[in-house]
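Participant: Sharing a structure here in structure tokens format.
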Amino acid sequence: MSRPEYAVVVPTTGRPALADVLQPVLDAPASVAPAEVVVVDDRPDGRNGAELPGVPDHPAVRVLSTRGGGPATARQAGWHACTAPWIAFLDDDVRPPAGWPERLCADLEALPDDSGGSQGRIVVPRPPGRNPTDAERATIALEDARWITADMAVRRRALERVGGFDTRFPRAYREDTDLVLRVQDAGLSLHRGERKCVHPLRAGGRHASMRAQRGNGDNALMRRVHGRSWRDRVAEPPGGLRSHLVTTAAAATALLAAVTGRRGTAAAAAAVWALSTARFALARMRAGPAEAAEWADMAVTSVLIPSLACWYRLRGEIRHAGAGASRGVRALLFDRDGTLVEDVPYNGDPDEVVARPGAAEAVALARENGLKVGVVTNQSGVGRGTLTERDVDRVDRRIEELLGPFDLWRVCPHTPQDGCACRKPAPGLVFAAAGGLGVHPAECAVIGDIGADLEAAAAAGARSVLVPTPVTREEERQRAPEVEHDLPSAVRRIVGGAGT
């Protein structure tokens with residue numbers, strides 16, 4: 001049996017420990033080495049050339065930038081850029097031991113054909129000589145988390161089928177659980193492997209538990225998408241929101257009653273608030289170290305957490321009131337010549353425009369499924385002087401007469417010798433189109449007929465589907481992450497999760 005072919009995707013915000021994640025992977029013997037390693041720089045200044053610490057100069061390593069889109073967006077861009085059948089996701093703060101690639105391959109080889117993914121085992125070291133702090137206990141809880149992307153390998157076909165990660169999750173929280181539930185809904189099984197990764201304790205800092213309450217808004221999205229029983233499906237115990245609701249309601253009642261002069265009601269409600277807050281604080285203090293600083297932090301945060309949790313949950317319920325299942329892709333970008341219309345070299349004559357088979361159906365299908373639709377096209381004839389921008393515009397208008405209107409056109413007029421950032425296979429057109437449509441490049445898919453279209457998509461972190469024509473080279477077909485025989489099938493693959 002041949003070894004599983006896999007790529008590694010590591011989203012990062014620039015943690016200095018990134019080198020500790022990558023080194024064991026890059027040191028792997030050739031027989032178990034990854035096809036490639038994609039590091040996704042998710043710092044807001046990442047695309048501006050800021051140095052990313054911990055990334056070695058290695059031919060297998062490629063760096064993408066998502067400029068602060070969040071971990072779901074970073075992982076989405078990462079797997080879009082890979083072609084391997086398996087995508088292994090690692091967080092940038094885990095420590096894969098030596099031999100991790102061998103154990104990953106062994107886990108993948110043992111999986112049945114209907115499997116969608118393999119979860120590694122997370123080990124968190126305990127602090128020596130004392131109980132863990134509240135922030136450290138949150139890290140230790142990762143050991144019992146059923147499905148997390150700190151170390152998870154997912155079949156690319158599973159990611160294609162469900163659309164990958166839901167970029168509506170802005171934090172490193174729930175985006176992995178959401179993905180797992182959608183993979184299971186697609187009829188694919190998930191398995192726990194034998195490989196292990198060490199996850200160091202997080203200090204968290206003062207009042208870290210208050211920042212963590214933002215996750216209650218993500219829980220609102222989980223409920224909207226997966227129903228009220230989603231916790232049961234991932235074997236997660238109920239959260240503390242109900243208790244926080246009681247505490248917050250008691251505080252609000254006490255305040256309102258005091259303002260309106262109902263002293264008895266105010267006293268009773270205040271007593272309920274004080275009792276529930278004290279129980280919450282004492283439980284947290286007993287679990288932690290007997291240190292004054294920790295007790296003070298627990299006392300302060302236990303007073304504030306219930307109302308914060310309720311506030312973030314309410315805000316999440318309002319924000320996601322109409323939320324449905326995510327497809328991952330919000331915008332579809334078509335190549336023009338050879339994809340939407342027959343390729344007539346340096347065409348400036350609208351009368352020579354001939355739509356490709358299925359083009360009108362494909363564009364209509366994208367629109368019917370709520371996708372924004374744009375065109376990204378190289379037109380070097382302008383730079384060569386054989387076309388004018390007006391010629392290009394006239395041809396584009398004719399295409400819209402045949403296929404219907406597009407939300408956006410982005411044209412590169414440069415020649416290959418100009419060295420611009422927009423000419424495909426450079427990603428500039430994809431970046432520009434995504435910005436014009438108000439989406440992230442990782443929320444886009446590009447459909448084209450040659451390798452340059454797919455390379456531009458991969459460099460931008462967009463998904464891509466190749467629809468070959470007679471001019472498509474065999475090596476381009478072989479390197480394409482997804483291939484369909486016609487345009488409508490390509491769009492259905494994007495909107496309907498037809499990846500197999």
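Each chain in the structure tokens gets a letter, A, B and so on, in the order shown; residues start at 1 in every chain, and ligands are counted from 1 in the order they appear.
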Using DSSP on the backbone coordinates, identify the residues of region 234-342 of chain A assigned to alpha helix (DSSP H); present them as a VMD selection string.
Facilitator: chain A and resid 241 to 259 263 to 287 292 to 319
Participant: Using only C-alpha atoms, determine which residues lie at most 10 Å from Ala84 (chain A), disregarding the query and same-chain residues fewer than 3 positions distant; provide the list as a short mmCIF file (atom, residue, chain, number, x, y, z; two decimals) with all heavy atoms, in the first residue's frame.
Facilitator:
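around-v6.cif, written as the output of this step:
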data_model
loop_
_atom_site.label_atom_id
_atom_site.label_comp_id
_atom_site.auth_asym_id
_atom_site.auth_seq_id
_atom_site.Cartn_x
_atom_site.Cartn_y
_atom_site.Cartn_z
N PRO A 4 -0.09 7.51 2.45
CA PRO A 4 -1.03 8.59 2.17
C PRO A 4 -0.30 9.86 1.76
O PRO A 4 0.73 10.21 2.35
CB PRO A 4 -1.77 8.78 3.49
CG PRO A 4 -1.51 7.54 4.27
CD PRO A 4 -0.18 7.04 3.84
N GLU A 5 -0.82 10.54 0.76
CA GLU A 5 -0.25 11.83 0.36
C GLU A 5 -0.98 12.93 1.11
O GLU A 5 -2.20 13.00 1.07
CB GLU A 5 -0.38 12.03 -1.15
CG GLU A 5 0.25 13.33 -1.64
CD GLU A 5 0.04 13.56 -3.12
OE1 GLU A 5 -0.44 12.63 -3.80
OE2 GLU A 5 0.34 14.68 -3.59
N TYR A 6 -0.23 13.78 1.79
CA TYR A 6 -0.86 14.81 2.61
C TYR A 6 -0.09 16.12 2.52
O TYR A 6 1.09 16.15 2.19
CB TYR A 6 -0.97 14.36 4.07
CG TYR A 6 0.35 14.28 4.80
CD1 TYR A 6 0.76 15.32 5.64
CD2 TYR A 6 1.18 13.18 4.67
CE1 TYR A 6 1.97 15.26 6.31
CE2 TYR A 6 2.40 13.11 5.34
CZ TYR A 6 2.79 14.15 6.16
OH TYR A 6 3.99 14.10 6.83
N ALA A 7 -0.80 17.20 2.80
CA ALA A 7 -0.21 18.52 2.96
C ALA A 7 -0.49 18.98 4.39
O ALA A 7 -1.46 18.54 5.01
CB ALA A 7 -0.79 19.51 1.96
N VAL A 8 0.33 19.86 4.91
CA VAL A 8 0.16 20.40 6.24
C VAL A 8 -0.18 21.88 6.13
O VAL A 8 0.48 22.63 5.40
CB VAL A 8 1.43 20.22 7.10
CG1 VAL A 8 1.29 20.93 8.44
CG2 VAL A 8 1.72 18.74 7.31
N PRO A 34 5.43 15.46 4.04
CA PRO A 34 4.26 16.05 3.39
C PRO A 34 4.57 16.51 1.98
O PRO A 34 5.73 16.84 1.66
CB PRO A 34 3.91 17.24 4.29
CG PRO A 34 5.20 17.61 4.95
CD PRO A 34 5.94 16.32 5.13
N ALA A 35 3.55 16.53 1.13
CA ALA A 35 3.73 17.04 -0.22
C ALA A 35 4.11 18.51 -0.18
O ALA A 35 4.91 18.98 -1.01
CB ALA A 35 2.46 16.83 -1.03
N GLU A 36 3.54 19.24 0.76
CA GLU A 36 3.89 20.65 0.95
C GLU A 36 3.41 21.09 2.31
O GLU A 36 2.57 20.44 2.95
CB GLU A 36 3.31 21.54 -0.15
CG GLU A 36 1.80 21.60 -0.19
CD GLU A 36 1.30 22.57 -1.26
OE1 GLU A 36 1.93 23.62 -1.46
OE2 GLU A 36 0.29 22.26 -1.89
N TRP A 79 -6.24 25.21 2.81
CA TRP A 79 -6.57 23.98 2.08
C TRP A 79 -6.93 24.28 0.63
O TRP A 79 -6.70 23.44 -0.26
CB TRP A 79 -7.67 23.18 2.79
CG TRP A 79 -9.10 23.63 2.64
CD1 TRP A 79 -9.80 24.38 3.52
CD2 TRP A 79 -10.01 23.30 1.58
NE1 TRP A 79 -11.09 24.57 3.07
CE2 TRP A 79 -11.25 23.90 1.88
CE3 TRP A 79 -9.91 22.57 0.41
CZ2 TRP A 79 -12.38 23.80 1.05
CZ3 TRP A 79 -11.02 22.46 -0.42
CH2 TRP A 79 -12.24 23.06 -0.09
N ALA A 81 -5.30 26.14 -1.22
CA ALA A 81 -4.03 26.25 -1.94
C ALA A 81 -3.33 24.90 -2.12
O ALA A 81 -2.30 24.84 -2.78
CB ALA A 81 -3.10 27.21 -1.20
N ILE A 87 -5.45 16.81 4.04
CA ILE A 87 -4.97 18.08 4.57
C ILE A 87 -4.85 17.92 6.09
O ILE A 87 -5.85 17.68 6.77
CB ILE A 87 -5.91 19.25 4.26
CG1 ILE A 87 -6.30 19.27 2.78
CG2 ILE A 87 -5.26 20.57 4.68
CD1 ILE A 87 -5.17 19.51 1.82
N ALA A 88 -3.63 18.04 6.61
CA ALA A 88 -3.40 17.93 8.05
C ALA A 88 -3.29 19.34 8.63
O ALA A 88 -2.37 20.08 8.28
CB ALA A 88 -2.14 17.13 8.34
N ARG A 155 -9.87 14.66 4.81
CA ARG A 155 -9.80 14.40 3.37
C ARG A 155 -10.16 15.65 2.59
O ARG A 155 -11.13 16.34 2.92
CB ARG A 155 -10.76 13.28 2.98
CG ARG A 155 -10.32 11.89 3.35
CD ARG A 155 -11.21 10.87 2.64
NE ARG A 155 -11.09 9.56 3.23
CZ ARG A 155 -10.22 8.64 2.87
NH1 ARG A 155 -9.36 8.91 1.89
NH2 ARG A 155 -10.20 7.45 3.47
N ARG A 156 -9.43 15.91 1.54
CA ARG A 156 -9.76 17.08 0.73
C ARG A 156 -11.15 16.93 0.11
O ARG A 156 -11.89 17.89 0.01
CB ARG A 156 -8.72 17.29 -0.37
CG ARG A 156 -8.83 18.69 -1.00
CD ARG A 156 -7.86 18.91 -2.12
NE ARG A 156 -7.68 20.33 -2.36
CZ ARG A 156 -8.57 21.11 -2.97
NH1 ARG A 156 -9.68 20.61 -3.42
NH2 ARG A 156 -8.33 22.40 -3.13
N ARG A 157 -11.52 15.72 -0.26
CA ARG A 157 -12.84 15.53 -0.86
C ARG A 157 -13.96 15.82 0.14
O ARG A 157 -15.05 16.25 -0.24
CB ARG A 157 -12.98 14.11 -1.41
CG ARG A 157 -13.14 13.01 -0.38
CD ARG A 157 -13.12 11.64 -1.02
NE ARG A 157 -13.48 10.59 -0.06
CZ ARG A 157 -13.29 9.30 -0.28
NH1 ARG A 157 -12.74 8.91 -1.42
NH2 ARG A 157 -13.64 8.41 0.62
N ARG A 479 -2.20 18.70 -12.08
CA ARG A 479 -1.93 19.53 -10.90
C ARG A 479 -3.18 20.19 -10.34
O ARG A 479 -3.13 20.74 -9.24
CB ARG A 479 -0.90 20.62 -11.24
CG ARG A 479 0.51 20.10 -11.50
CD ARG A 479 1.53 21.24 -11.39
NE ARG A 479 1.21 22.34 -12.27
CZ ARG A 479 1.70 22.50 -13.48
NH1 ARG A 479 2.55 21.60 -13.96
NH2 ARG A 479 1.39 23.54 -14.23
N PRO A 481 -6.44 20.98 -8.38
CA PRO A 481 -7.06 20.39 -7.19
C PRO A 481 -8.44 19.83 -7.47
O PRO A 481 -8.85 18.84 -6.87
CB PRO A 481 -7.12 21.56 -6.20
CG PRO A 481 -7.03 22.79 -7.04
CD PRO A 481 -6.21 22.42 -8.23
#
Participant: Which parts of region 117-199 of chain A does DSSP call strand (DSSP E) when run on the backbone here, written out as a list in words?
Facilitator: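 Taking region 117-199 of chain A and keeping strand (DSSP E) gives Gly117, Ser118, Gln119, Gly120, Arg121, Ile122, Val123, Asp151, Met152, Ala153, Val154, Arg155, Ser189, Leu190, His191, Arg192, Gly193, Glu194, Arg195, Lys196, Cys197 and Val198 of chain A.
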Participant: For those residues, write N, CA, C and O atoms to a file as a PDB file, in the first residue's frame.
Facilitator:
ATOM      1  N   GLY A 117     -12.015  12.094   8.312  1.00  0.00           N
ATOM      2  CA  GLY A 117     -10.911  12.728   8.999  1.00  0.00           C
ATOM      3  C   GLY A 117     -10.368  11.904  10.143  1.00  0.00           C
ATOM      4  O   GLY A 117     -10.973  10.915  10.583  1.00  0.00           O
ATOM      5  N   SER A 118      -9.212  12.332  10.636  1.00  0.00           N
ATOM      6  CA  SER A 118      -8.533  11.677  11.747  1.00  0.00           C
ATOM      7  C   SER A 118      -8.090  12.733  12.744  1.00  0.00           C
ATOM      8  O   SER A 118      -7.403  13.693  12.378  1.00  0.00           O
ATOM      9  N   GLN A 119      -8.461  12.545  14.001  1.00  0.00           N
ATOM     10  CA  GLN A 119      -8.118  13.473  15.067  1.00  0.00           C
ATOM     11  C   GLN A 119      -6.906  12.974  15.832  1.00  0.00           C
ATOM     12  O   GLN A 119      -6.875  11.814  16.261  1.00  0.00           O
ATOM     13  N   GLY A 120      -5.901  13.801  15.994  1.00  0.00           N
ATOM     14  CA  GLY A 120      -4.775  13.446  16.842  1.00  0.00           C
ATOM     15  C   GLY A 120      -5.127  13.617  18.308  1.00  0.00           C
ATOM     16  O   GLY A 120      -6.142  14.226  18.669  1.00  0.00           O
ATOM     17  N   ARG A 121      -4.288  13.090  19.161  1.00  0.00           N
ATOM     18  CA  ARG A 121      -4.506  13.187  20.602  1.00  0.00           C
ATOM     19  C   ARG A 121      -3.658  14.330  21.158  1.00  0.00           C
ATOM     20  O   ARG A 121      -2.458  14.395  20.907  1.00  0.00           O
ATOM     21  N   ILE A 122      -4.298  15.195  21.918  1.00  0.00           N
ATOM     22  CA  ILE A 122      -3.631  16.363  22.486  1.00  0.00           C
ATOM     23  C   ILE A 122      -3.244  16.065  23.931  1.00  0.00           C
ATOM     24  O   ILE A 122      -4.071  15.603  24.724  1.00  0.00           O
ATOM     25  N   VAL A 123      -1.997  16.333  24.264  1.00  0.00           N
ATOM     26  CA  VAL A 123      -1.488  16.143  25.623  1.00  0.00           C
ATOM     27  C   VAL A 123      -1.043  17.502  26.159  1.00  0.00           C
ATOM     28  O   VAL A 123      -0.264  18.209  25.508  1.00  0.00           O
ATOM     29  N   ASP A 151      -4.799  19.381  15.894  1.00  0.00           N
ATOM     30  CA  ASP A 151      -4.151  18.310  15.129  1.00  0.00           C
ATOM     31  C   ASP A 151      -5.267  17.471  14.511  1.00  0.00           C
ATOM     32  O   ASP A 151      -5.778  16.539  15.136  1.00  0.00           O
ATOM     33  N   MET A 152      -5.662  17.834  13.315  1.00  0.00           N
ATOM     34  CA  MET A 152      -6.722  17.099  12.634  1.00  0.00           C
ATOM     35  C   MET A 152      -6.404  16.992  11.154  1.00  0.00           C
ATOM     36  O   MET A 152      -6.068  17.984  10.513  1.00  0.00           O
ATOM     37  N   ALA A 153      -6.498  15.794  10.614  1.00  0.00           N
ATOM     38  CA  ALA A 153      -6.322  15.565   9.182  1.00  0.00           C
ATOM     39  C   ALA A 153      -7.686  15.296   8.560  1.00  0.00           C
ATOM     40  O   ALA A 153      -8.451  14.485   9.081  1.00  0.00           O
ATOM     41  N   VAL A 154      -7.974  15.989   7.463  1.00  0.00           N
ATOM     42  CA  VAL A 154      -9.284  15.881   6.811  1.00  0.00           C
ATOM     43  C   VAL A 154      -9.068  15.571   5.336  1.00  0.00           C
ATOM     44  O   VAL A 154      -8.176  16.150   4.694  1.00  0.00           O
ATOM     45  N   ARG A 155      -9.868  14.664   4.807  1.00  0.00           N
ATOM     46  CA  ARG A 155      -9.796  14.396   3.370  1.00  0.00           C
ATOM     47  C   ARG A 155     -10.164  15.652   2.593  1.00  0.00           C
ATOM     48  O   ARG A 155     -11.130  16.340   2.924  1.00  0.00           O
ATOM     49  N   SER A 189     -17.348   9.340   8.156  1.00  0.00           N
ATOM     50  CA  SER A 189     -17.007   9.055   9.548  1.00  0.00           C
ATOM     51  C   SER A 189     -15.724   9.777   9.950  1.00  0.00           C
ATOM     52  O   SER A 189     -14.906  10.159   9.119  1.00  0.00           O
ATOM     53  N   LEU A 190     -15.566   9.953  11.256  1.00  0.00           N
ATOM     54  CA  LEU A 190     -14.373  10.586  11.816  1.00  0.00           C
ATOM     55  C   LEU A 190     -13.790   9.654  12.868  1.00  0.00           C
ATOM     56  O   LEU A 190     -14.529   8.975  13.592  1.00  0.00           O
ATOM     57  N   HIS A 191     -12.474   9.628  12.960  1.00  0.00           N
ATOM     58  CA  HIS A 191     -11.807   8.653  13.812  1.00  0.00           C
ATOM     59  C   HIS A 191     -10.708   9.319  14.628  1.00  0.00           C
ATOM     60  O   HIS A 191     -10.109  10.298  14.207  1.00  0.00           O
ATOM     61  N   ARG A 192     -10.458   8.735  15.784  1.00  0.00           N
ATOM     62  CA  ARG A 192      -9.397   9.233  16.657  1.00  0.00           C
ATOM     63  C   ARG A 192      -8.142   8.412  16.411  1.00  0.00           C
ATOM     64  O   ARG A 192      -8.154   7.179  16.515  1.00  0.00           O
ATOM     65  N   GLY A 193      -7.063   9.078  16.047  1.00  0.00           N
ATOM     66  CA  GLY A 193      -5.826   8.387  15.754  1.00  0.00           C
ATOM     67  C   GLY A 193      -4.992   8.134  16.998  1.00  0.00           C
ATOM     68  O   GLY A 193      -5.388   8.471  18.121  1.00  0.00           O
ATOM     69  N   GLU A 194      -3.820   7.546  16.792  1.00  0.00           N
ATOM     70  CA  GLU A 194      -2.917   7.233  17.898  1.00  0.00           C
ATOM     71  C   GLU A 194      -1.796   8.256  18.056  1.00  0.00           C
ATOM     72  O   GLU A 194      -1.092   8.247  19.060  1.00  0.00           O
ATOM     73  N   ARG A 195      -1.603   9.112  17.065  1.00  0.00           N
ATOM     74  CA  ARG A 195      -0.522  10.097  17.157  1.00  0.00           C
ATOM     75  C   ARG A 195      -0.849  11.120  18.247  1.00  0.00           C
ATOM     76  O   ARG A 195      -2.020  11.337  18.581  1.00  0.00           O
ATOM     77  N   LYS A 196       0.190  11.743  18.773  1.00  0.00           N
ATOM     78  CA  LYS A 196       0.020  12.701  19.855  1.00  0.00           C
ATOM     79  C   LYS A 196       0.752  13.997  19.546  1.00  0.00           C
ATOM     80  O   LYS A 196       1.787  14.000  18.879  1.00  0.00           O
ATOM     81  N   CYS A 197       0.188  15.092  20.036  1.00  0.00           N
ATOM     82  CA  CYS A 197       0.829  16.408  19.995  1.00  0.00           C
ATOM     83  C   CYS A 197       0.768  17.012  21.389  1.00  0.00           C
ATOM     84  O   CYS A 197      -0.256  16.906  22.068  1.00  0.00           O
ATOM     85  N   VAL A 198       1.849  17.639  21.782  1.00  0.00           N
ATOM     86  CA  VAL A 198       1.868  18.350  23.061  1.00  0.00           C
ATOM     87  C   VAL A 198       1.367  19.764  22.848  1.00  0.00           C
ATOM     88  O   VAL A 198       1.771  20.446  21.893  1.00  0.00           O
TER      89      VAL A 198
END
Participant: Might you pull out every residue within 12 Å of Asp27 (chain A), with only C-alpha atoms counted and same-chain residues fewer than 5 positions away left off, and present them as a list in words?
Facilitator: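 Close residues of Asp27 (chain A): Ala19, Asp20, Val21, Leu22, Val32, Ala33, Pro34, Pro56, His58, Ala60, Pro96, Pro97, Ala98, Gly99, Trp100, Pro101 and Glu102 of chain A.
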Participant: Show me a table, sorted first by chain and then by increasing residue number, of the residues of region 60-158 of chain A having an atom at most 12 Å from region 273-291 of chain A, each with its shortest atom pair and the distance in Å to one decimal, counting only C-alpha atoms and written as a tab-separated table.
Facilitator:
residue	atom	partner	partner_atom	distance
A:Pro127	CA	A:Pro289	CA	10.1
A:Pro128	CA	A:Pro289	CA	11.2
A:Gly129	CA	A:Pro289	CA	9.5
A:Arg130	CA	A:Pro289	CA	5.9
A:Asn131	CA	A:Pro289	CA	4.7
A:Pro132	CA	A:Gly288	CA	5.4
A:Thr133	CA	A:Gly288	CA	4.9
A:Asp134	CA	A:Gly288	CA	6.4
A:Ala135	CA	A:Gly288	CA	9.6
A:Glu136	CA	A:Gly288	CA	9.2
A:Arg137	CA	A:Gly288	CA	8.4
A:Ala138	CA	A:Gly288	CA	11.6
Participant: Could you write out that same residue set with N, CA, C and O atoms as a short mmCIF file (atom, residue, chain, number, x, y, z; two decimals), in the first residue's frame?
Facilitator:
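Below is the file that was written, again01.cif:
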data_model
loop_
_atom_site.label_atom_id
_atom_site.label_comp_id
_atom_site.auth_asym_id
_atom_site.auth_seq_id
_atom_site.Cartn_x
_atom_site.Cartn_y
_atom_site.Cartn_z
N PRO A 127 1.09 21.98 35.43
CA PRO A 127 2.09 22.80 36.14
C PRO A 127 2.65 22.03 37.33
O PRO A 127 1.89 21.35 38.04
N PRO A 128 3.93 22.08 37.55
CA PRO A 128 4.52 21.31 38.65
C PRO A 128 4.23 21.92 40.01
O PRO A 128 4.33 23.14 40.20
N GLY A 129 3.81 21.09 40.94
CA GLY A 129 3.70 21.50 42.33
C GLY A 129 2.49 22.35 42.69
O GLY A 129 2.44 22.87 43.81
N ARG A 130 1.53 22.51 41.81
CA ARG A 130 0.35 23.31 42.15
C ARG A 130 -0.80 22.95 41.23
O ARG A 130 -0.62 22.31 40.18
N ASN A 131 -2.00 23.38 41.61
CA ASN A 131 -3.16 23.23 40.73
C ASN A 131 -3.08 24.22 39.58
O ASN A 131 -2.49 25.31 39.72
N PRO A 132 -3.66 23.90 38.45
CA PRO A 132 -3.62 24.84 37.33
C PRO A 132 -4.52 26.05 37.56
O PRO A 132 -5.54 25.97 38.25
N THR A 133 -4.12 27.15 36.98
CA THR A 133 -4.96 28.35 37.03
C THR A 133 -6.19 28.18 36.15
O THR A 133 -6.33 27.21 35.39
N ASP A 134 -7.08 29.14 36.24
CA ASP A 134 -8.31 29.10 35.43
C ASP A 134 -7.97 29.07 33.94
O ASP A 134 -8.55 28.28 33.18
N ALA A 135 -7.03 29.90 33.51
CA ALA A 135 -6.64 29.92 32.10
C ALA A 135 -5.98 28.61 31.71
O ALA A 135 -6.19 28.09 30.61
N GLU A 136 -5.17 28.04 32.60
CA GLU A 136 -4.51 26.77 32.30
C GLU A 136 -5.51 25.63 32.22
O GLU A 136 -5.35 24.70 31.42
N ARG A 137 -6.54 25.68 33.04
CA ARG A 137 -7.57 24.63 32.97
C ARG A 137 -8.30 24.66 31.63
O ARG A 137 -8.72 23.61 31.12
N ALA A 138 -8.43 25.85 31.06
CA ALA A 138 -9.05 25.93 29.74
C ALA A 138 -8.21 25.22 28.69
O ALA A 138 -8.74 24.59 27.77
#
Participant: At a cut-off of 10 Å, using only C-alpha atoms, what residues contact His320 (chain A)? Leave out same-chain residues fewer than 2 positions from it and give the result as a list in words.
Facilitator: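 Listed by chain and then number, they are Arg168, Gly217, Asp218, Ala220, Leu221, Met222, Arg223, Arg224, Val225, Leu314, Arg315, Gly316, Glu317, Ile318, Gly322, Ala323 and Gly324 of chain A.
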Participant: Please, could you write that set of residues out with C-alpha atoms as a compact mmCIF listing (two decimals), in the first residue's frame?
Facilitator:
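Writing done, so here's result26.txt:
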# COMPACT_ATOMS: atom_id res chain seq x y z
CA ARG A 168 -18.45 33.43 9.90
CA GLY A 217 -21.77 34.53 20.30
CA ASP A 218 -20.27 31.66 18.30
CA ALA A 220 -25.46 31.19 18.91
CA LEU A 221 -24.32 30.51 15.35
CA MET A 222 -23.82 26.83 16.20
CA ARG A 223 -27.41 26.61 17.42
CA ARG A 224 -28.76 28.31 14.31
CA VAL A 225 -26.85 26.01 11.97
CA LEU A 314 -27.66 38.05 22.90
CA ARG A 315 -25.47 39.86 20.41
CA GLY A 316 -24.75 36.58 18.67
CA GLU A 317 -28.42 35.65 18.49
CA ILE A 318 -29.22 39.00 16.87
CA GLY A 322 -31.19 34.44 9.79
CA ALA A 323 -28.09 32.27 9.55
CA GLY A 324 -28.20 29.04 7.62
Participant: As a PyMOL selection string, please: the residues near Ala269 (chain A) (cut-off 7 Å, only C-alpha atoms, same-chain neighbours under 4 positions excluded).
Facilitator: chain A and resi 250-251+253-254+265+273
Participant: Output N, CA, C and O atoms of each residue in that selection to a file, as a compact mmCIF listing (two decimals), in the first residue's frame.
Facilitator:
# COMPACT_ATOMS: atom_id res chain seq x y z
N ALA A 250 -31.12 37.97 38.27
CA ALA A 250 -31.22 38.38 39.67
C ALA A 250 -30.63 39.77 39.88
O ALA A 250 -31.20 40.62 40.60
N ALA A 251 -29.47 40.03 39.26
CA ALA A 251 -28.85 41.34 39.40
C ALA A 251 -29.74 42.43 38.79
O ALA A 251 -29.91 43.51 39.39
N THR A 253 -32.99 42.34 38.35
CA THR A 253 -34.19 42.49 39.17
C THR A 253 -33.91 43.30 40.42
O THR A 253 -34.69 44.18 40.82
N ALA A 254 -32.77 43.01 41.04
CA ALA A 254 -32.40 43.77 42.25
C ALA A 254 -32.23 45.25 41.95
O ALA A 254 -32.69 46.12 42.72
N THR A 265 -38.24 43.10 47.44
CA THR A 265 -37.88 42.39 46.21
C THR A 265 -36.40 42.61 45.88
O THR A 265 -35.70 41.67 45.48
N TRP A 273 -28.48 36.83 43.73
CA TRP A 273 -27.29 37.19 42.94
C TRP A 273 -26.01 36.91 43.72
O TRP A 273 -25.06 36.31 43.20
Participant: I want to know what sits within 6 Å of region 451-459 of chain A, based on only C-alpha atoms, with residues of the same chain fewer than 2 positions away left out; could you give that as a PyMOL selection string?
Facilitator: chain A and resi 81+424-427+448+461-462+464+476
Participant: Based on the selection just made, write C-alpha atoms of those residues as a PDB file, in the first residue's frame.
Facilitator:
ATOM      1  CA  ALA A  81      -4.029  26.246  -1.940  1.00  0.00           C
ATOM      2  CA  LYS A 424      -2.426  35.636 -13.720  1.00  0.00           C
ATOM      3  CA  PRO A 425      -0.805  33.479 -12.375  1.00  0.00           C
ATOM      4  CA  ALA A 426      -0.092  36.316  -9.915  1.00  0.00           C
ATOM      5  CA  PRO A 427      -2.979  36.726  -7.444  1.00  0.00           C
ATOM      6  CA  GLY A 448     -10.666  28.591 -15.438  1.00  0.00           C
ATOM      7  CA  GLY A 461      -6.148  31.436  -0.969  1.00  0.00           C
ATOM      8  CA  ALA A 462      -9.209  30.967  -3.192  1.00  0.00           C
ATOM      9  CA  SER A 464     -10.333  26.672  -7.881  1.00  0.00           C
ATOM     10  CA  GLU A 476      -2.171  21.372 -15.758  1.00  0.00           C
TER      11      GLU A 476
END
